[in-house]
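Just upload.cif here, mmCIF, C-alpha atoms:
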data_data
loop_
_atom_site.label_atom_id
_atom_site.label_comp_id
_atom_site.auth_asym_id
_atom_site.auth_seq_id
_atom_site.Cartn_x
_atom_site.Cartn_y
_atom_site.Cartn_z
CA MET C 157 -34.59 -20.40 -9.11
CA LYS C 158 -34.09 -23.48 -6.95
CA GLN C 159 -35.09 -25.68 -9.90
CA GLU C 160 -32.57 -23.85 -12.12
CA LYS C 161 -29.77 -24.54 -9.59
CA SER C 162 -30.86 -28.19 -9.39
CA SER C 163 -30.70 -28.45 -13.17
CA ASN C 164 -27.19 -26.93 -13.17
CA ASP C 165 -26.10 -29.31 -10.40
CA GLU C 166 -27.43 -32.29 -12.37
CA GLY C 167 -25.53 -31.09 -15.44
CA ASP C 168 -22.34 -30.70 -13.42
CA VAL C 169 -22.73 -34.18 -11.93
CA ALA C 170 -23.36 -35.64 -15.39
CA ARG C 171 -20.29 -33.82 -16.74
CA ILE C 172 -18.14 -35.13 -13.85
CA GLN C 173 -19.42 -38.66 -14.47
CA GLU C 174 -18.64 -38.35 -18.19
CA MET C 175 -15.12 -37.09 -17.49
CA CYS C 176 -14.55 -39.87 -14.95
CA LEU C 177 -15.49 -42.44 -17.59
CA ILE C 178 -12.95 -40.83 -19.94
CA PHE C 179 -10.33 -41.09 -17.17
CA LEU C 180 -11.09 -44.78 -16.59
CA ARG C 181 -11.03 -45.54 -20.32
CA GLU C 182 -7.81 -43.63 -21.00
CA CYS C 183 -6.01 -44.58 -17.78
CA PRO C 184 -6.94 -48.11 -16.74
CA SER C 185 -3.84 -48.13 -14.52
CA GLY C 186 -5.42 -45.37 -12.43
CA ALA C 187 -2.51 -42.96 -13.03
CA LEU C 188 -2.97 -40.03 -15.37
CA HIS C 189 0.26 -38.55 -16.73
CA LEU C 190 0.62 -35.05 -18.12
CA HIS C 191 0.64 -36.18 -21.77
CA GLU C 192 -2.60 -38.13 -21.18
CA PHE C 193 -4.12 -35.14 -19.38
CA LYS C 194 -3.29 -32.98 -22.41
CA LYS C 195 -4.82 -35.61 -24.70
CA ILE C 196 -8.06 -35.66 -22.73
CA PHE C 197 -8.28 -31.88 -23.01
CA GLY C 198 -7.28 -31.87 -26.66
CA VAL C 199 -4.21 -29.62 -26.39
CA GLN C 200 -1.59 -31.90 -27.89
CA SER C 201 -0.55 -29.41 -30.53
CA SER C 202 -2.08 -26.19 -29.19
CA SER C 203 -0.22 -23.01 -28.47
CA PRO C 204 2.62 -22.99 -25.93
CA GLU C 205 0.41 -20.80 -23.69
CA ASP C 206 -2.41 -23.40 -23.65
CA SER C 207 0.10 -26.16 -23.00
CA LEU C 208 1.72 -24.27 -20.11
CA PHE C 209 -1.71 -23.40 -18.68
CA LEU C 210 -2.67 -27.07 -18.71
CA GLU C 211 0.65 -28.07 -17.12
CA THR C 212 -0.01 -25.53 -14.35
CA ILE C 213 -3.50 -26.95 -13.79
CA PHE C 214 -2.11 -30.49 -13.76
CA ARG C 215 0.59 -29.64 -11.22
CA SER C 216 -1.87 -27.78 -8.99
CA PHE C 217 -3.96 -30.94 -8.64
CA ASP C 218 -1.05 -33.35 -8.26
CA THR C 219 -1.30 -33.05 -4.48
CA ASN C 220 1.28 -35.74 -3.69
CA GLN C 221 3.65 -34.40 -6.39
CA ASP C 222 4.28 -37.77 -8.01
CA ASN C 223 3.82 -36.35 -11.56
CA THR C 224 0.57 -38.25 -12.02
CA LEU C 225 -3.04 -37.67 -11.08
CA ASP C 226 -4.67 -40.65 -9.45
CA PHE C 227 -8.42 -41.07 -9.67
CA ILE C 228 -9.06 -39.30 -6.35
CA GLU C 229 -6.97 -36.27 -7.37
CA TYR C 230 -8.76 -36.18 -10.72
CA VAL C 231 -12.26 -36.34 -9.20
CA ALA C 232 -11.32 -33.71 -6.58
CA ALA C 233 -10.07 -31.45 -9.38
CA LEU C 234 -13.25 -31.86 -11.41
CA ASN C 235 -15.41 -31.26 -8.37
CA LEU C 236 -13.52 -28.06 -7.53
CA ILE C 237 -13.57 -26.76 -11.09
CA LEU C 238 -17.17 -27.65 -11.89
CA ARG C 239 -18.86 -27.34 -8.50
CA GLY C 240 -16.51 -25.56 -6.09
CA ASN C 241 -17.55 -22.41 -4.24
CA LEU C 242 -15.88 -19.05 -4.79
CA GLU C 243 -13.62 -19.34 -1.74
CA ASP C 244 -12.27 -22.75 -2.78
CA ARG C 245 -11.73 -21.59 -6.36
CA LEU C 246 -9.88 -18.48 -5.18
CA LYS C 247 -7.63 -20.64 -3.01
CA TRP C 248 -6.93 -22.81 -6.05
CA SER C 249 -6.30 -19.73 -8.19
CA PHE C 250 -3.79 -18.49 -5.59
CA LYS C 251 -2.07 -21.88 -5.71
CA MET C 252 -1.82 -21.59 -9.51
CA TYR C 253 -0.07 -18.23 -9.15
CA ASP C 254 2.22 -19.40 -6.32
CA ARG C 255 4.82 -21.13 -8.48
CA ASP C 256 7.42 -21.60 -5.75
CA GLY C 257 4.86 -22.86 -3.22
CA ASN C 258 5.94 -20.50 -0.42
CA GLY C 259 2.40 -19.28 0.32
CA LYS C 260 3.08 -15.75 -0.95
CA LEU C 261 2.90 -14.17 -4.37
CA ASP C 262 5.68 -11.88 -5.55
CA ARG C 263 5.75 -9.65 -8.61
CA ASN C 264 7.50 -12.26 -10.77
CA GLU C 265 4.79 -14.84 -10.08
CA ILE C 266 2.02 -12.36 -10.83
CA LEU C 267 3.76 -11.16 -14.01
CA HIS C 268 4.33 -14.73 -15.18
CA LYS C 269 0.66 -15.59 -14.78
CA ILE C 270 -0.55 -12.35 -16.36
CA LYS C 271 1.59 -13.03 -19.44
CA LEU C 272 -0.11 -16.44 -19.84
CA GLN C 273 -3.59 -14.95 -19.76
CA LYS C 274 -5.35 -13.57 -22.75
CA SER C 275 -6.79 -10.36 -21.37
CA GLU C 276 -8.95 -7.63 -22.83
CA VAL C 277 -7.37 -5.12 -20.43
CA ARG C 278 -5.53 -2.30 -22.18
CA LEU C 279 -2.63 -2.21 -19.75
CA THR C 280 0.82 -3.71 -20.00
CA PRO C 281 1.53 -6.76 -17.82
CA SER C 282 3.70 -4.52 -15.61
CA GLN C 283 0.88 -1.99 -15.20
CA ILE C 284 -1.57 -4.79 -14.36
CA CYS C 285 0.87 -6.16 -11.80
CA ASP C 286 1.30 -2.70 -10.23
CA ARG C 287 -2.46 -2.27 -10.01
CA ILE C 288 -2.91 -5.70 -8.42
CA PHE C 289 -0.31 -4.90 -5.77
CA ASP C 290 -1.87 -1.47 -5.13
CA LEU C 291 -5.27 -3.12 -4.60
CA VAL C 292 -4.26 -6.24 -2.70
CA ASP C 293 -0.92 -5.87 -0.89
CA ASP C 294 -2.38 -4.33 2.27
CA ASN C 295 0.86 -4.11 4.25
CA ASN C 296 2.96 -3.03 1.21
CA ASP C 297 5.62 -5.68 1.81
CA GLY C 298 5.89 -6.60 -1.88
CA GLU C 299 4.19 -9.97 -1.37
CA ILE C 300 0.56 -11.04 -1.44
CA THR C 301 -0.58 -13.58 1.12
CA LEU C 302 -3.53 -15.91 0.61
CA SER C 303 -5.74 -13.80 2.88
CA GLU C 304 -4.78 -10.57 1.04
CA PHE C 305 -5.48 -12.31 -2.27
CA MET C 306 -8.88 -13.61 -1.16
CA GLU C 307 -10.00 -10.32 0.38
CA GLY C 308 -8.72 -8.23 -2.51
CA ALA C 309 -10.26 -10.41 -5.19
CA GLN C 310 -13.66 -10.35 -3.51
CA LYS C 311 -13.78 -6.60 -2.89
CA ASP C 312 -12.66 -5.36 -6.32
CA GLN C 313 -14.65 -6.19 -9.44
CA TRP C 314 -11.79 -5.33 -11.83
CA LEU C 315 -9.52 -7.80 -10.07
CA MET C 316 -12.24 -10.47 -9.94
CA ASP C 317 -12.76 -10.05 -13.69
CA LEU C 318 -9.02 -10.30 -14.29
CA LEU C 319 -8.88 -13.53 -12.27
CA ASN C 320 -11.95 -14.89 -14.01
CA LEU C 321 -9.88 -17.26 -16.18
CA ASP C 322 -8.79 -19.10 -13.05
CA VAL C 323 -11.90 -18.69 -10.92
CA ASN C 324 -14.33 -19.72 -13.65
CA THR C 325 -12.32 -22.51 -15.22
CA SER C 326 -15.35 -24.78 -15.50
CA GLY C 327 -16.28 -23.19 -18.82
CA TRP C 328 -12.76 -23.76 -20.11
CA VAL C 329 -12.76 -27.39 -18.95
CA THR C 330 -16.18 -28.08 -20.45
CA GLN C 331 -15.24 -26.43 -23.73
CA ASN C 332 -11.85 -28.11 -24.09
CA CYS C 333 -12.48 -31.63 -22.84
CA ARG C 334 -12.55 -33.89 -25.89
CA LYS C 335 -14.95 -36.76 -26.01
CA LEU C 336 -12.68 -39.68 -26.68
CA PRO C 337 -14.03 -42.81 -28.38
#
Structure translated into C-alpha cells:
Amino acid sequence: MKQEKSSNDEGDVARIQEMCLIFLRECPSGALHLHEFKKIFGVQSSSPEDSLFLETIFRSFDTNQDNTLDFIEYVAALNLILRGNLEDRLKWSFKMYDRDGNGKLDRNEILHKIKLQKSEVRLTPSQICDRIFDLVDDNNDGEITLSEFMEGAQKDQWLMDLLNLDVNTSGWVTQNCRKLP
C-alpha cells in the first residue's frame, strides 16, 4: 500500500510539474489572467456552467484579488487540488460557496452553487438546500459557518458525496487540462 501511495504521489508531482511548464509557456510574464486560465483548461467555448465554475475556481485562488494568478498562487492551487488533504480541500470548497466572503454560507450561496453542479440526486435544488441546512446548521441560525460545514461534511456521507465535485477536483483538473504545444 505504501508503494501505491508513493506511485500516486509521483504521478501528482509529475502532473504539477507538467502544469507548471504549461503556465510558464503560456504566461511568460508570470501573470495568468482568467482568459488564459480558461485556455489552459480548454473551456473557451464550453457551457456557461463550466465557464462559471472555472471563474469561481480562478477567483478562489486569486488570494491577493488582483484578477491574475501569479506563479505562486498557481502552484499553491495545483498542490491543493492534486495533493491537498481532506480538511484543506473542504476549507477551499467552503470558500468556493462563500461568494460574498463573509465567512458564512446562506441559502442563496448554497442554492447558487447547487444549481451549477451536475448532480445525480433526485431532489430539487431547494430540497437539497433544505437538507444541507438540516444536516449542517447546528444552531439553526440560517447560516453555515466553516466549522459547521467541515463537521457536517465529514459526518454525513450523502453530503460528502454531494460536495465531491469540489472536494475531489483533482480528477476534473486532470481531465480538463489541455496539453498545449
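Shortest atom-to-atom contact with Leu208 (chain C) among C:His268, C:Arg181, C:Lys260, C:Lys251: C:His268, counting only C-alpha atoms.
Relative to CA of Ile213 (chain C), CA of Ala232 (chain C) is found at 12.6 Å.
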So what do you get for CA of Gly259 (chain C) versus CA of Leu302 (chain C), distance-wise? 6.8 Å
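Among the candidates C:Asn296, C:Ser216, C:Gln283, C:Gln313, the one nearest to Arg245 (chain C) when counting all atoms listed in the file is C:Ser216.
Non-sequential neighbours of region 303-312 of chain C (distance at most 8 Å, separation of 5 or more positions within a chain, all atoms listed in the file) are Glu243, Leu246, Lys247, Phe250, Leu291, Val292, Asp293, Asp294 and Leu319 of chain C.
When CA of Pro281 (chain C) is paired with CA of Gly298 (chain C), their separation reads 16.5 Å.
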If you count only C-alpha atoms, the residue of C:Val231, C:Trp314, C:Thr219, C:Asn241 closest to Leu177 (chain C) turns out to be C:Val231
Give the answer as one residue: which of C:Leu279, C:Ser207, C:Leu315, C:Arg215 has the shortest atom-to-atom distance to Asp256 (chain C), using all atoms listed in the file? C:Arg215
Glu182 (chain C) surroundings by only C-alpha atoms, 9 Å radius, close-in-sequence under 5 positions cut, as a PDB file with C-alpha atoms, in the coordinates of the input:
ATOM      1  CA  LEU C 177     -15.490 -42.440 -17.590  1.00  0.00           C
ATOM      2  CA  LEU C 188      -2.970 -40.030 -15.370  1.00  0.00           C
ATOM      3  CA  GLU C 192      -2.600 -38.130 -21.180  1.00  0.00           C
ATOM      4  CA  ILE C 196      -8.060 -35.660 -22.730  1.00  0.00           C
ATOM      5  CA  LEU C 336     -12.680 -39.680 -26.680  1.00  0.00           C
TER       6      LEU C 336
END
Quick one: of C:Met252, C:His189, C:Cys285, C:Ile266, who's nearest to Phe209 (chain C), counting all atoms listed in the file? C:Met252
Let me know the centre plus edge lengths, in Å and rounded to one decimal, of a box with edges along x, y and z that contains all listed atoms of region 214-231 of chain C and is padded by 8 Å on every side, as lines of an AutoDock Vina configuration file.
center_x = -4.0
center_y = -34.4
center_z = -8.7
size_x = 32.5
size_y = 29.3
size_z = 26.1
Nearest to Asp226 (chain C), restricted to all atoms listed in the file and choosing among C:Ser185, C:Ile284, C:Lys195, C:Ile178, comes out as C:Ser185
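Neighbouring residues of Gly186 (chain C) at 9 Å or closer, counting all atoms listed in the file and skipping chain neighbours under 6 positions away, are C:Phe179, C:Leu180, C:Leu225, C:Asp226, C:Phe227.
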Selection file, C-alpha atoms, as a compact mmCIF listing (two decimals), in the coordinates of the input:
# COMPACT_ATOMS: atom_id res chain seq x y z
CA PHE C 179 -10.33 -41.09 -17.17
CA LEU C 180 -11.09 -44.78 -16.59
CA LEU C 225 -3.04 -37.67 -11.08
CA ASP C 226 -4.67 -40.65 -9.45
CA PHE C 227 -8.42 -41.07 -9.67
Have region 226-245 of chain C completed to N, CA, C and O atoms, please, and pass it along as a compact mmCIF listing (two decimals), in the frame of the given file.
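File produced: selection-v6.txt:
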# COMPACT_ATOMS: atom_id res chain seq x y z
N ASP C 226 -3.92 -39.41 -9.66
CA ASP C 226 -4.67 -40.65 -9.45
C ASP C 226 -6.15 -40.29 -9.55
O ASP C 226 -6.53 -39.13 -9.71
N PHE C 227 -6.99 -41.29 -9.47
CA PHE C 227 -8.42 -41.07 -9.67
C PHE C 227 -8.98 -40.10 -8.64
O PHE C 227 -9.79 -39.23 -8.98
N ILE C 228 -8.56 -40.20 -7.40
CA ILE C 228 -9.06 -39.30 -6.35
C ILE C 228 -8.66 -37.86 -6.63
O ILE C 228 -9.48 -36.94 -6.51
N GLU C 229 -7.41 -37.63 -7.03
CA GLU C 229 -6.97 -36.27 -7.37
C GLU C 229 -7.77 -35.73 -8.55
O GLU C 229 -8.16 -34.56 -8.56
N TYR C 230 -8.02 -36.58 -9.52
CA TYR C 230 -8.76 -36.18 -10.72
C TYR C 230 -10.20 -35.80 -10.37
O TYR C 230 -10.69 -34.75 -10.79
N VAL C 231 -10.87 -36.62 -9.58
CA VAL C 231 -12.26 -36.34 -9.20
C VAL C 231 -12.31 -35.08 -8.33
O VAL C 231 -13.21 -34.24 -8.50
N ALA C 232 -11.37 -34.92 -7.41
CA ALA C 232 -11.32 -33.71 -6.58
C ALA C 232 -11.14 -32.47 -7.46
O ALA C 232 -11.78 -31.43 -7.21
N ALA C 233 -10.30 -32.58 -8.46
CA ALA C 233 -10.07 -31.45 -9.38
C ALA C 233 -11.35 -31.10 -10.13
O ALA C 233 -11.73 -29.93 -10.21
N LEU C 234 -12.01 -32.11 -10.67
CA LEU C 234 -13.25 -31.86 -11.41
C LEU C 234 -14.31 -31.26 -10.51
O LEU C 234 -15.04 -30.34 -10.90
N ASN C 235 -14.41 -31.78 -9.30
CA ASN C 235 -15.41 -31.26 -8.37
C ASN C 235 -15.13 -29.79 -8.05
O ASN C 235 -16.04 -28.97 -8.04
N LEU C 236 -13.88 -29.46 -7.82
CA LEU C 236 -13.52 -28.06 -7.53
C LEU C 236 -13.83 -27.18 -8.73
O LEU C 236 -14.47 -26.13 -8.60
N ILE C 237 -13.40 -27.59 -9.90
CA ILE C 237 -13.57 -26.76 -11.09
C ILE C 237 -15.04 -26.60 -11.46
O ILE C 237 -15.49 -25.51 -11.78
N LEU C 238 -15.79 -27.69 -11.42
CA LEU C 238 -17.17 -27.65 -11.89
C LEU C 238 -18.18 -27.28 -10.82
O LEU C 238 -19.25 -26.77 -11.13
N ARG C 239 -17.86 -27.55 -9.54
CA ARG C 239 -18.86 -27.34 -8.50
C ARG C 239 -18.35 -26.56 -7.29
O ARG C 239 -19.12 -26.29 -6.38
N GLY C 240 -17.08 -26.21 -7.26
CA GLY C 240 -16.51 -25.56 -6.09
C GLY C 240 -17.07 -24.17 -5.85
O GLY C 240 -17.47 -23.46 -6.78
N ASN C 241 -17.07 -23.75 -4.58
CA ASN C 241 -17.55 -22.41 -4.24
C ASN C 241 -16.44 -21.38 -4.52
O ASN C 241 -15.29 -21.74 -4.80
N LEU C 242 -16.81 -20.12 -4.44
CA LEU C 242 -15.88 -19.05 -4.79
C LEU C 242 -14.62 -19.09 -3.93
O LEU C 242 -13.51 -18.96 -4.44
N GLU C 243 -14.77 -19.31 -2.63
CA GLU C 243 -13.62 -19.34 -1.74
C GLU C 243 -12.63 -20.44 -2.13
O GLU C 243 -11.42 -20.21 -2.21
N ASP C 244 -13.15 -21.64 -2.40
CA ASP C 244 -12.27 -22.75 -2.78
C ASP C 244 -11.60 -22.48 -4.12
O ASP C 244 -10.42 -22.80 -4.31
N ARG C 245 -12.32 -21.88 -5.05
CA ARG C 245 -11.73 -21.59 -6.36
C ARG C 245 -10.66 -20.49 -6.25
O ARG C 245 -9.66 -20.53 -6.96
